[in-house]
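Peer 1: target_25.txt (compact mmCIF, N, CA and C atoms) pasted underneath:
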# COMPACT_ATOMS: atom_id res chain seq x y z
N MET A 44 -30.91 -4.54 18.11
CA MET A 44 -29.56 -4.04 17.93
C MET A 44 -29.50 -2.61 18.45
N SER A 45 -28.53 -2.33 19.26
CA SER A 45 -28.37 -0.97 19.79
C SER A 45 -27.67 -0.10 18.75
N PRO A 46 -27.81 1.23 18.87
CA PRO A 46 -27.10 2.12 17.93
C PRO A 46 -25.60 1.89 17.94
N GLU A 47 -25.03 1.54 19.11
CA GLU A 47 -23.59 1.27 19.18
C GLU A 47 -23.20 0.06 18.33
N ASP A 48 -24.07 -0.96 18.29
CA ASP A 48 -23.79 -2.16 17.50
C ASP A 48 -23.86 -1.89 16.00
N ALA A 49 -24.62 -0.88 15.61
CA ALA A 49 -24.79 -0.57 14.19
C ALA A 49 -23.66 0.29 13.63
N ARG A 50 -22.85 0.88 14.51
CA ARG A 50 -21.75 1.73 14.05
C ARG A 50 -20.62 0.89 13.47
N PRO A 51 -19.98 1.40 12.40
CA PRO A 51 -18.81 0.69 11.89
C PRO A 51 -17.66 0.75 12.90
N SER A 52 -16.76 -0.18 12.80
CA SER A 52 -15.61 -0.21 13.68
C SER A 52 -14.74 1.02 13.47
N LEU A 53 -14.25 1.57 14.55
CA LEU A 53 -13.33 2.71 14.47
C LEU A 53 -11.89 2.25 14.59
N ASP A 54 -11.67 0.95 14.58
CA ASP A 54 -10.33 0.39 14.68
C ASP A 54 -9.69 0.38 13.30
N PRO A 55 -8.66 1.20 13.07
CA PRO A 55 -8.05 1.28 11.73
C PRO A 55 -7.52 -0.07 11.24
N ARG A 56 -6.94 -0.86 12.14
CA ARG A 56 -6.41 -2.16 11.73
C ARG A 56 -7.53 -3.03 11.17
N ALA A 57 -8.64 -3.12 11.87
CA ALA A 57 -9.77 -3.94 11.42
C ALA A 57 -10.33 -3.39 10.11
N PHE A 58 -10.42 -2.07 9.99
CA PHE A 58 -10.93 -1.46 8.76
C PHE A 58 -10.08 -1.85 7.56
N TYR A 59 -8.77 -1.67 7.67
CA TYR A 59 -7.89 -1.97 6.53
C TYR A 59 -7.73 -3.46 6.29
N ASP A 60 -7.79 -4.27 7.32
CA ASP A 60 -7.78 -5.72 7.12
C ASP A 60 -8.98 -6.14 6.29
N GLU A 61 -10.14 -5.58 6.62
CA GLU A 61 -11.36 -5.93 5.89
C GLU A 61 -11.32 -5.42 4.45
N LEU A 62 -10.71 -4.28 4.24
CA LEU A 62 -10.65 -3.65 2.92
C LEU A 62 -9.55 -4.23 2.02
N ALA A 63 -8.57 -4.89 2.58
CA ALA A 63 -7.35 -5.27 1.86
C ALA A 63 -7.62 -6.01 0.54
N ASP A 64 -8.52 -6.95 0.54
CA ASP A 64 -8.76 -7.73 -0.69
C ASP A 64 -9.51 -6.96 -1.76
N ARG A 65 -10.01 -5.78 -1.43
CA ARG A 65 -10.74 -4.97 -2.42
C ARG A 65 -10.14 -3.58 -2.62
N TYR A 66 -9.07 -3.27 -1.91
CA TYR A 66 -8.50 -1.92 -1.95
C TYR A 66 -8.11 -1.51 -3.37
N ASP A 67 -7.62 -2.45 -4.14
CA ASP A 67 -7.21 -2.13 -5.51
C ASP A 67 -8.35 -1.61 -6.37
N LEU A 68 -9.59 -1.90 -5.99
CA LEU A 68 -10.74 -1.46 -6.76
C LEU A 68 -10.97 0.05 -6.66
N LEU A 69 -10.25 0.71 -5.75
CA LEU A 69 -10.32 2.17 -5.68
C LEU A 69 -9.68 2.82 -6.90
N TYR A 70 -8.87 2.08 -7.61
CA TYR A 70 -8.16 2.58 -8.79
C TYR A 70 -8.83 2.05 -10.06
N ALA A 71 -8.89 2.88 -11.09
CA ALA A 71 -9.43 2.42 -12.38
C ALA A 71 -8.57 1.28 -12.92
N ASP A 72 -7.26 1.39 -12.76
CA ASP A 72 -6.32 0.35 -13.20
C ASP A 72 -5.18 0.33 -12.18
N TRP A 73 -5.32 -0.55 -11.18
CA TRP A 73 -4.36 -0.58 -10.07
C TRP A 73 -2.95 -0.88 -10.55
N ARG A 74 -2.79 -1.83 -11.46
CA ARG A 74 -1.44 -2.17 -11.95
C ARG A 74 -0.78 -0.98 -12.64
N ALA A 75 -1.54 -0.26 -13.45
CA ALA A 75 -0.99 0.93 -14.11
C ALA A 75 -0.65 2.00 -13.08
N SER A 76 -1.48 2.15 -12.06
CA SER A 76 -1.21 3.13 -11.02
C SER A 76 0.03 2.76 -10.21
N THR A 77 0.20 1.46 -9.96
CA THR A 77 1.40 0.99 -9.26
C THR A 77 2.65 1.35 -10.05
N ALA A 78 2.62 1.12 -11.34
CA ALA A 78 3.77 1.45 -12.19
C ALA A 78 4.01 2.96 -12.23
N ARG A 79 2.93 3.74 -12.37
CA ARG A 79 3.05 5.20 -12.44
C ARG A 79 3.62 5.77 -11.13
N GLN A 80 3.10 5.29 -10.00
CA GLN A 80 3.58 5.78 -8.72
C GLN A 80 5.03 5.34 -8.47
N GLY A 81 5.38 4.15 -8.90
CA GLY A 81 6.76 3.69 -8.79
C GLY A 81 7.71 4.58 -9.57
N ARG A 82 7.32 4.93 -10.79
CA ARG A 82 8.17 5.82 -11.61
C ARG A 82 8.32 7.19 -10.96
N ALA A 83 7.22 7.73 -10.42
CA ALA A 83 7.27 9.05 -9.80
C ALA A 83 8.18 9.04 -8.57
N LEU A 84 8.05 8.00 -7.74
CA LEU A 84 8.90 7.91 -6.56
C LEU A 84 10.35 7.63 -6.93
N ASP A 85 10.56 6.84 -7.96
CA ASP A 85 11.92 6.57 -8.45
C ASP A 85 12.59 7.88 -8.89
N ALA A 86 11.85 8.73 -9.56
CA ALA A 86 12.40 10.02 -9.99
C ALA A 86 12.80 10.87 -8.78
N LEU A 87 11.98 10.86 -7.73
CA LEU A 87 12.31 11.62 -6.52
C LEU A 87 13.54 11.04 -5.83
N LEU A 88 13.60 9.73 -5.73
CA LEU A 88 14.77 9.08 -5.11
C LEU A 88 16.03 9.38 -5.89
N THR A 89 15.97 9.27 -7.19
CA THR A 89 17.13 9.51 -8.04
C THR A 89 17.59 10.97 -7.95
N ALA A 90 16.63 11.89 -7.95
CA ALA A 90 16.97 13.32 -7.85
C ALA A 90 17.63 13.64 -6.52
N THR A 91 17.21 12.95 -5.47
CA THR A 91 17.72 13.24 -4.13
C THR A 91 18.97 12.44 -3.79
N LEU A 92 18.97 11.16 -4.15
CA LEU A 92 20.05 10.25 -3.72
C LEU A 92 21.00 9.81 -4.82
N GLY A 93 20.69 10.15 -6.04
CA GLY A 93 21.49 9.68 -7.17
C GLY A 93 20.93 8.37 -7.70
N PRO A 94 21.61 7.83 -8.69
CA PRO A 94 21.11 6.61 -9.32
C PRO A 94 20.98 5.46 -8.30
N GLY A 95 19.97 4.66 -8.50
CA GLY A 95 19.72 3.51 -7.61
C GLY A 95 20.30 2.25 -8.20
N PRO A 96 19.88 1.14 -7.71
CA PRO A 96 18.74 0.99 -6.82
C PRO A 96 19.07 1.39 -5.39
N HIS A 97 18.00 1.71 -4.65
CA HIS A 97 18.13 2.13 -3.26
C HIS A 97 17.38 1.17 -2.35
N ARG A 98 17.72 1.21 -1.09
CA ARG A 98 16.95 0.47 -0.07
C ARG A 98 15.88 1.43 0.43
N VAL A 99 14.64 0.96 0.43
CA VAL A 99 13.51 1.81 0.77
C VAL A 99 12.67 1.12 1.84
N LEU A 100 12.26 1.88 2.85
CA LEU A 100 11.32 1.41 3.84
C LEU A 100 9.99 2.11 3.59
N ASP A 101 8.97 1.35 3.28
CA ASP A 101 7.62 1.88 3.13
C ASP A 101 6.89 1.51 4.42
N SER A 102 6.77 2.48 5.33
CA SER A 102 6.26 2.18 6.66
C SER A 102 4.74 2.18 6.76
N ALA A 103 4.07 2.46 5.69
CA ALA A 103 2.61 2.36 5.62
C ALA A 103 2.27 1.80 4.23
N CYS A 104 2.77 0.60 3.96
CA CYS A 104 2.73 0.07 2.59
C CYS A 104 1.35 -0.35 2.12
N GLY A 105 0.42 -0.57 3.03
CA GLY A 105 -0.89 -1.02 2.59
C GLY A 105 -0.78 -2.26 1.73
N ILE A 106 -1.46 -2.25 0.59
CA ILE A 106 -1.41 -3.40 -0.32
C ILE A 106 -0.22 -3.34 -1.28
N GLY A 107 0.64 -2.35 -1.10
CA GLY A 107 1.88 -2.30 -1.86
C GLY A 107 1.89 -1.42 -3.09
N THR A 108 0.95 -0.53 -3.21
CA THR A 108 0.83 0.28 -4.44
C THR A 108 2.14 0.98 -4.80
N GLN A 109 2.80 1.61 -3.84
CA GLN A 109 4.08 2.27 -4.13
C GLN A 109 5.25 1.29 -4.01
N ALA A 110 5.22 0.43 -3.00
CA ALA A 110 6.32 -0.52 -2.77
C ALA A 110 6.53 -1.44 -3.96
N LEU A 111 5.45 -1.95 -4.51
CA LEU A 111 5.58 -2.85 -5.66
C LEU A 111 6.09 -2.12 -6.90
N GLY A 112 5.65 -0.88 -7.07
CA GLY A 112 6.15 -0.09 -8.20
C GLY A 112 7.64 0.17 -8.10
N LEU A 113 8.11 0.48 -6.89
CA LEU A 113 9.55 0.69 -6.69
C LEU A 113 10.33 -0.60 -6.85
N ALA A 114 9.82 -1.69 -6.31
CA ALA A 114 10.52 -2.98 -6.43
C ALA A 114 10.63 -3.40 -7.89
N ALA A 115 9.61 -3.13 -8.67
CA ALA A 115 9.65 -3.47 -10.10
C ALA A 115 10.75 -2.71 -10.84
N LEU A 116 11.15 -1.58 -10.27
CA LEU A 116 12.23 -0.79 -10.88
C LEU A 116 13.60 -1.14 -10.29
N GLY A 117 13.65 -2.17 -9.46
CA GLY A 117 14.92 -2.65 -8.95
C GLY A 117 15.28 -2.23 -7.54
N HIS A 118 14.47 -1.39 -6.93
CA HIS A 118 14.75 -0.97 -5.56
C HIS A 118 14.49 -2.13 -4.60
N ARG A 119 15.22 -2.15 -3.51
CA ARG A 119 15.02 -3.17 -2.46
C ARG A 119 14.10 -2.56 -1.42
N VAL A 120 12.84 -2.98 -1.45
CA VAL A 120 11.80 -2.36 -0.64
C VAL A 120 11.39 -3.29 0.50
N THR A 121 11.33 -2.73 1.69
CA THR A 121 10.77 -3.41 2.85
C THR A 121 9.49 -2.67 3.20
N GLY A 122 8.40 -3.40 3.28
CA GLY A 122 7.11 -2.78 3.60
C GLY A 122 6.59 -3.27 4.93
N THR A 123 5.94 -2.38 5.64
CA THR A 123 5.27 -2.71 6.89
C THR A 123 3.99 -1.89 6.96
N ASP A 124 3.04 -2.37 7.73
CA ASP A 124 1.77 -1.67 7.84
C ASP A 124 1.08 -2.14 9.11
N LEU A 125 0.18 -1.33 9.66
CA LEU A 125 -0.56 -1.75 10.86
C LEU A 125 -1.56 -2.85 10.54
N SER A 126 -1.86 -3.05 9.27
CA SER A 126 -2.84 -4.05 8.84
C SER A 126 -2.14 -5.30 8.32
N PRO A 127 -2.15 -6.39 9.09
CA PRO A 127 -1.56 -7.63 8.59
C PRO A 127 -2.23 -8.11 7.30
N GLY A 128 -3.52 -7.86 7.16
CA GLY A 128 -4.22 -8.27 5.94
C GLY A 128 -3.70 -7.53 4.71
N SER A 129 -3.40 -6.26 4.87
CA SER A 129 -2.85 -5.49 3.76
C SER A 129 -1.45 -5.96 3.40
N VAL A 130 -0.63 -6.23 4.39
CA VAL A 130 0.73 -6.72 4.13
C VAL A 130 0.67 -8.08 3.43
N ALA A 131 -0.23 -8.94 3.86
CA ALA A 131 -0.38 -10.24 3.20
C ALA A 131 -0.79 -10.06 1.75
N ARG A 132 -1.65 -9.10 1.49
CA ARG A 132 -2.09 -8.82 0.11
C ARG A 132 -0.90 -8.31 -0.71
N ALA A 133 -0.11 -7.42 -0.15
CA ALA A 133 1.07 -6.90 -0.85
C ALA A 133 2.05 -8.02 -1.16
N THR A 134 2.21 -8.93 -0.23
CA THR A 134 3.13 -10.05 -0.40
C THR A 134 2.66 -10.96 -1.54
N ARG A 135 1.37 -11.17 -1.62
CA ARG A 135 0.83 -12.01 -2.72
C ARG A 135 1.06 -11.34 -4.06
Please render this file's structure as structure tokens.
Peer 2:
Amino acid sequence: MSPEDARPSLDPRAFYDELADRYDLLYADWRASTARQGRALDALLTATLGPGPHRVLDSACGIGTQALGLAALGHRVTGTDLSPGSVARATR
């Protein structure tokens, strides 16, 4: 094996696709973090735009940590990401 073969991929899409099914493990409690981040973002949206629900575009949604938190609070969230694996995980 050459040194080039031993290097990890520098392709962000491949990196996040591979990580998608385990990304939540970065958090001690991913569900609680999703709810906490949703509440924090909801407060910012409400302070800026007034009472919601609002339409939100999460253009780097990953596995949905913020998007799912906002959707749980009634916002209409559209998520997109360069990683199809992450978007599929968020959808599940």
Peer 1: Could you tell me, as an MDAnalysis selection string, which residues of region 73-131 of chain A DSSP assigns to alpha helix (DSSP H) when given the backbone?
Peer 2: chainID A and resid 73:92 108:115 127:131
Peer 1: What lies within 6.5 Å of region 62-65 of chain A using only N, CA and C atoms, ignoring chain neighbours under 3 positions off, as a ChimeraX atom specification?
Peer 2: /A:57-59,68-69,128-129,132
Peer 1: Skipping near chain neighbours, those fewer than 5 positions away, what residues fall within 7 Å of Arg119 (chain A) using only C-alpha atoms, listed as a list in words?
Peer 2: His97, Arg98, Val99 and Ala114 of chain A
Peer 1: In terms of the shortest atom-to-atom distance over only C-alpha atoms, which of A:Pro55, A:Pro94, A:Gly107, A:Gly122 is closest to Thr77 (chain A)?
Peer 2: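 So, comparing all the options, the nearest one is A:Gly107.
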Peer 1: To one decimal in Å, tell me the separation between CA of Arg135 (chain A) and atom C of Ala115 (chain A).
Peer 2: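 These two atoms are separated by 15.8 Å.
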Peer 1: Quick one: distance from atom C of Trp73 (chain A) to atom C of Leu111 (chain A) in Å, one decimal?
Peer 2: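 Interatomic distance, atom C of Trp73 (chain A) to atom C of Leu111 (chain A): 9.8 Å.
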Peer 1: Work out how far apart atom N of Arg74 (chain A) and atom C of Thr89 (chain A) are and give it in Å to one decimal.
Peer 2: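 Those two atoms sit 24.3 Å apart.
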Peer 1: When distances are computed from only C-alpha atoms, which of A:Thr108, A:Thr121, A:Ser102, A:Ala90 shows the smallest separation from Asp72 (chain A)?
Peer 2: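 Under the stated criterion, the closest residue is A:Thr108.
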Peer 1: Between A:Leu53, A:Ala133, A:Leu125, A:Val120, which residue has the minimum interatomic distance to Ala103 (chain A), considering only C-alpha atoms?
Peer 2: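 Nearest to Ala103 (chain A): A:Leu125.
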Peer 1: As a PyMOL selection string, which residues of chain A does DSSP assign to strand (DSSP E)?
Peer 2: chain A and resi 98-101+119-122
Peer 1: Name the closest residue to Gly95 (chain A) among the candidates A:Glu61, A:Gly117, A:Thr134, A:Ala78; distances are taken between atoms, counting only C-alpha atoms.
Peer 2: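 Of all the options, A:Gly117 lies closest to Gly95 (chain A).
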Peer 1: For region 113-118 of chain A, what centre and edge lengths in Å (one decimal) does the axis-aligned box get once 3 Å is added on each side of all its listed atoms, as AutoDock Vina command-line options?
Peer 2:
--center_x 11.7 --center_y -1.4 --center_z -7.7 --size_x 13.2 --size_y 10.2 --size_z 12.3
Peer 1: What's around Gly81 (chain A) at 7 Å? Count only C-alpha atoms, leave out sequence neighbours fewer than 3 positions away in its own chain, and write the answer as a tab-separated table (two decimals) with N, CA and C atoms, in the frame of the given file.
Peer 2:
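Below you can see out_32.tsv, which holds the result:
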chain	number	residue	atom	x	y	z
A	77	THR	N	0.20	1.46	-9.96
A	77	THR	CA	1.40	0.99	-9.26
A	77	THR	C	2.65	1.35	-10.05
A	78	ALA	N	2.62	1.12	-11.34
A	78	ALA	CA	3.77	1.45	-12.19
A	78	ALA	C	4.01	2.96	-12.23
A	84	LEU	N	8.05	8.00	-7.74
A	84	LEU	CA	8.90	7.91	-6.56
A	84	LEU	C	10.35	7.63	-6.93
A	85	ASP	N	10.56	6.84	-7.96
A	85	ASP	CA	11.92	6.57	-8.45
A	85	ASP	C	12.59	7.88	-8.89
A	109	GLN	N	2.80	1.61	-3.84
A	109	GLN	CA	4.08	2.27	-4.13
A	109	GLN	C	5.25	1.29	-4.01
A	112	GLY	N	5.65	-0.88	-7.07
A	112	GLY	CA	6.15	-0.09	-8.20
A	112	GLY	C	7.64	0.17	-8.10
A	113	LEU	N	8.11	0.48	-6.89
A	113	LEU	CA	9.55	0.69	-6.69
A	113	LEU	C	10.33	-0.60	-6.85
Peer 1: Please rebuild region 91-113 of chain A with N, CA, C and O atoms and return the result as an mmCIF file, in the coordinates of the input.
Peer 2:
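Wrote part04.cif, looks like this:
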data_model
loop_
_atom_site.group_PDB
_atom_site.id
_atom_site.type_symbol
_atom_site.label_atom_id
_atom_site.label_comp_id
_atom_site.auth_asym_id
_atom_site.auth_seq_id
_atom_site.Cartn_x
_atom_site.Cartn_y
_atom_site.Cartn_z
ATOM 1 N N THR A 91 17.210 12.950 -5.470
ATOM 2 C CA THR A 91 17.720 13.240 -4.130
ATOM 3 C C THR A 91 18.970 12.440 -3.790
ATOM 4 O O THR A 91 19.931 12.980 -3.215
ATOM 5 N N LEU A 92 18.970 11.160 -4.150
ATOM 6 C CA LEU A 92 20.050 10.250 -3.720
ATOM 7 C C LEU A 92 21.000 9.810 -4.820
ATOM 8 O O LEU A 92 21.976 9.123 -4.553
ATOM 9 N N GLY A 93 20.690 10.150 -6.040
ATOM 10 C CA GLY A 93 21.490 9.680 -7.170
ATOM 11 C C GLY A 93 20.930 8.370 -7.700
ATOM 12 O O GLY A 93 19.932 7.852 -7.201
ATOM 13 N N PRO A 94 21.610 7.830 -8.690
ATOM 14 C CA PRO A 94 21.110 6.610 -9.320
ATOM 15 C C PRO A 94 20.980 5.460 -8.300
ATOM 16 O O PRO A 94 21.787 5.339 -7.391
ATOM 17 N N GLY A 95 19.970 4.660 -8.500
ATOM 18 C CA GLY A 95 19.720 3.510 -7.610
ATOM 19 C C GLY A 95 20.300 2.250 -8.200
ATOM 20 O O GLY A 95 21.131 2.300 -9.104
ATOM 21 N N PRO A 96 19.880 1.140 -7.710
ATOM 22 C CA PRO A 96 18.740 0.990 -6.820
ATOM 23 C C PRO A 96 19.070 1.390 -5.390
ATOM 24 O O PRO A 96 20.226 1.426 -4.988
ATOM 25 N N HIS A 97 18.000 1.710 -4.650
ATOM 26 C CA HIS A 97 18.130 2.130 -3.260
ATOM 27 C C HIS A 97 17.380 1.170 -2.350
ATOM 28 O O HIS A 97 16.496 0.433 -2.799
ATOM 29 N N ARG A 98 17.720 1.210 -1.090
ATOM 30 C CA ARG A 98 16.950 0.470 -0.070
ATOM 31 C C ARG A 98 15.880 1.430 0.430
ATOM 32 O O ARG A 98 16.183 2.560 0.817
ATOM 33 N N VAL A 99 14.640 0.960 0.430
ATOM 34 C CA VAL A 99 13.510 1.810 0.770
ATOM 35 C C VAL A 99 12.670 1.120 1.840
ATOM 36 O O VAL A 99 12.385 -0.075 1.738
ATOM 37 N N LEU A 100 12.260 1.880 2.850
ATOM 38 C CA LEU A 100 11.320 1.410 3.840
ATOM 39 C C LEU A 100 9.990 2.110 3.590
ATOM 40 O O LEU A 100 9.910 3.337 3.641
ATOM 41 N N ASP A 101 8.970 1.350 3.280
ATOM 42 C CA ASP A 101 7.620 1.880 3.130
ATOM 43 C C ASP A 101 6.890 1.510 4.420
ATOM 44 O O ASP A 101 6.468 0.378 4.598
ATOM 45 N N SER A 102 6.770 2.480 5.330
ATOM 46 C CA SER A 102 6.260 2.180 6.660
ATOM 47 C C SER A 102 4.740 2.180 6.760
ATOM 48 O O SER A 102 4.199 1.910 7.820
ATOM 49 N N ALA A 103 4.070 2.460 5.690
ATOM 50 C CA ALA A 103 2.610 2.360 5.620
ATOM 51 C C ALA A 103 2.270 1.800 4.230
ATOM 52 O O ALA A 103 1.599 2.426 3.429
ATOM 53 N N CYS A 104 2.770 0.600 3.960
ATOM 54 C CA CYS A 104 2.730 0.070 2.590
ATOM 55 C C CYS A 104 1.350 -0.350 2.120
ATOM 56 O O CYS A 104 1.135 -0.475 0.918
ATOM 57 N N GLY A 105 0.420 -0.570 3.030
ATOM 58 C CA GLY A 105 -0.890 -1.020 2.590
ATOM 59 C C GLY A 105 -0.780 -2.260 1.730
ATOM 60 O O GLY A 105 -0.049 -3.189 2.056
ATOM 61 N N ILE A 106 -1.460 -2.250 0.590
ATOM 62 C CA ILE A 106 -1.410 -3.400 -0.320
ATOM 63 C C ILE A 106 -0.220 -3.340 -1.280
ATOM 64 O O ILE A 106 -0.098 -4.166 -2.163
ATOM 65 N N GLY A 107 0.640 -2.350 -1.100
ATOM 66 C CA GLY A 107 1.880 -2.300 -1.860
ATOM 67 C C GLY A 107 1.890 -1.420 -3.090
ATOM 68 O O GLY A 107 2.784 -1.551 -3.917
ATOM 69 N N THR A 108 0.950 -0.530 -3.210
ATOM 70 C CA THR A 108 0.830 0.280 -4.440
ATOM 71 C C THR A 108 2.140 0.980 -4.800
ATOM 72 O O THR A 108 2.564 0.929 -5.949
ATOM 73 N N GLN A 109 2.800 1.610 -3.840
ATOM 74 C CA GLN A 109 4.080 2.270 -4.130
ATOM 75 C C GLN A 109 5.250 1.290 -4.010
ATOM 76 O O GLN A 109 6.167 1.307 -4.828
ATOM 77 N N ALA A 110 5.220 0.430 -3.000
ATOM 78 C CA ALA A 110 6.320 -0.520 -2.770
ATOM 79 C C ALA A 110 6.530 -1.440 -3.960
ATOM 80 O O ALA A 110 7.671 -1.687 -4.382
ATOM 81 N N LEU A 111 5.450 -1.950 -4.510
ATOM 82 C CA LEU A 111 5.580 -2.850 -5.660
ATOM 83 C C LEU A 111 6.090 -2.120 -6.900
ATOM 84 O O LEU A 111 6.885 -2.671 -7.665
ATOM 85 N N GLY A 112 5.650 -0.880 -7.070
ATOM 86 C CA GLY A 112 6.150 -0.090 -8.200
ATOM 87 C C GLY A 112 7.640 0.170 -8.100
ATOM 88 O O GLY A 112 8.373 0.077 -9.088
ATOM 89 N N LEU A 113 8.110 0.480 -6.890
ATOM 90 C CA LEU A 113 9.550 0.690 -6.690
ATOM 91 C C LEU A 113 10.330 -0.600 -6.850
ATOM 92 O O LEU A 113 11.406 -0.617 -7.454
#
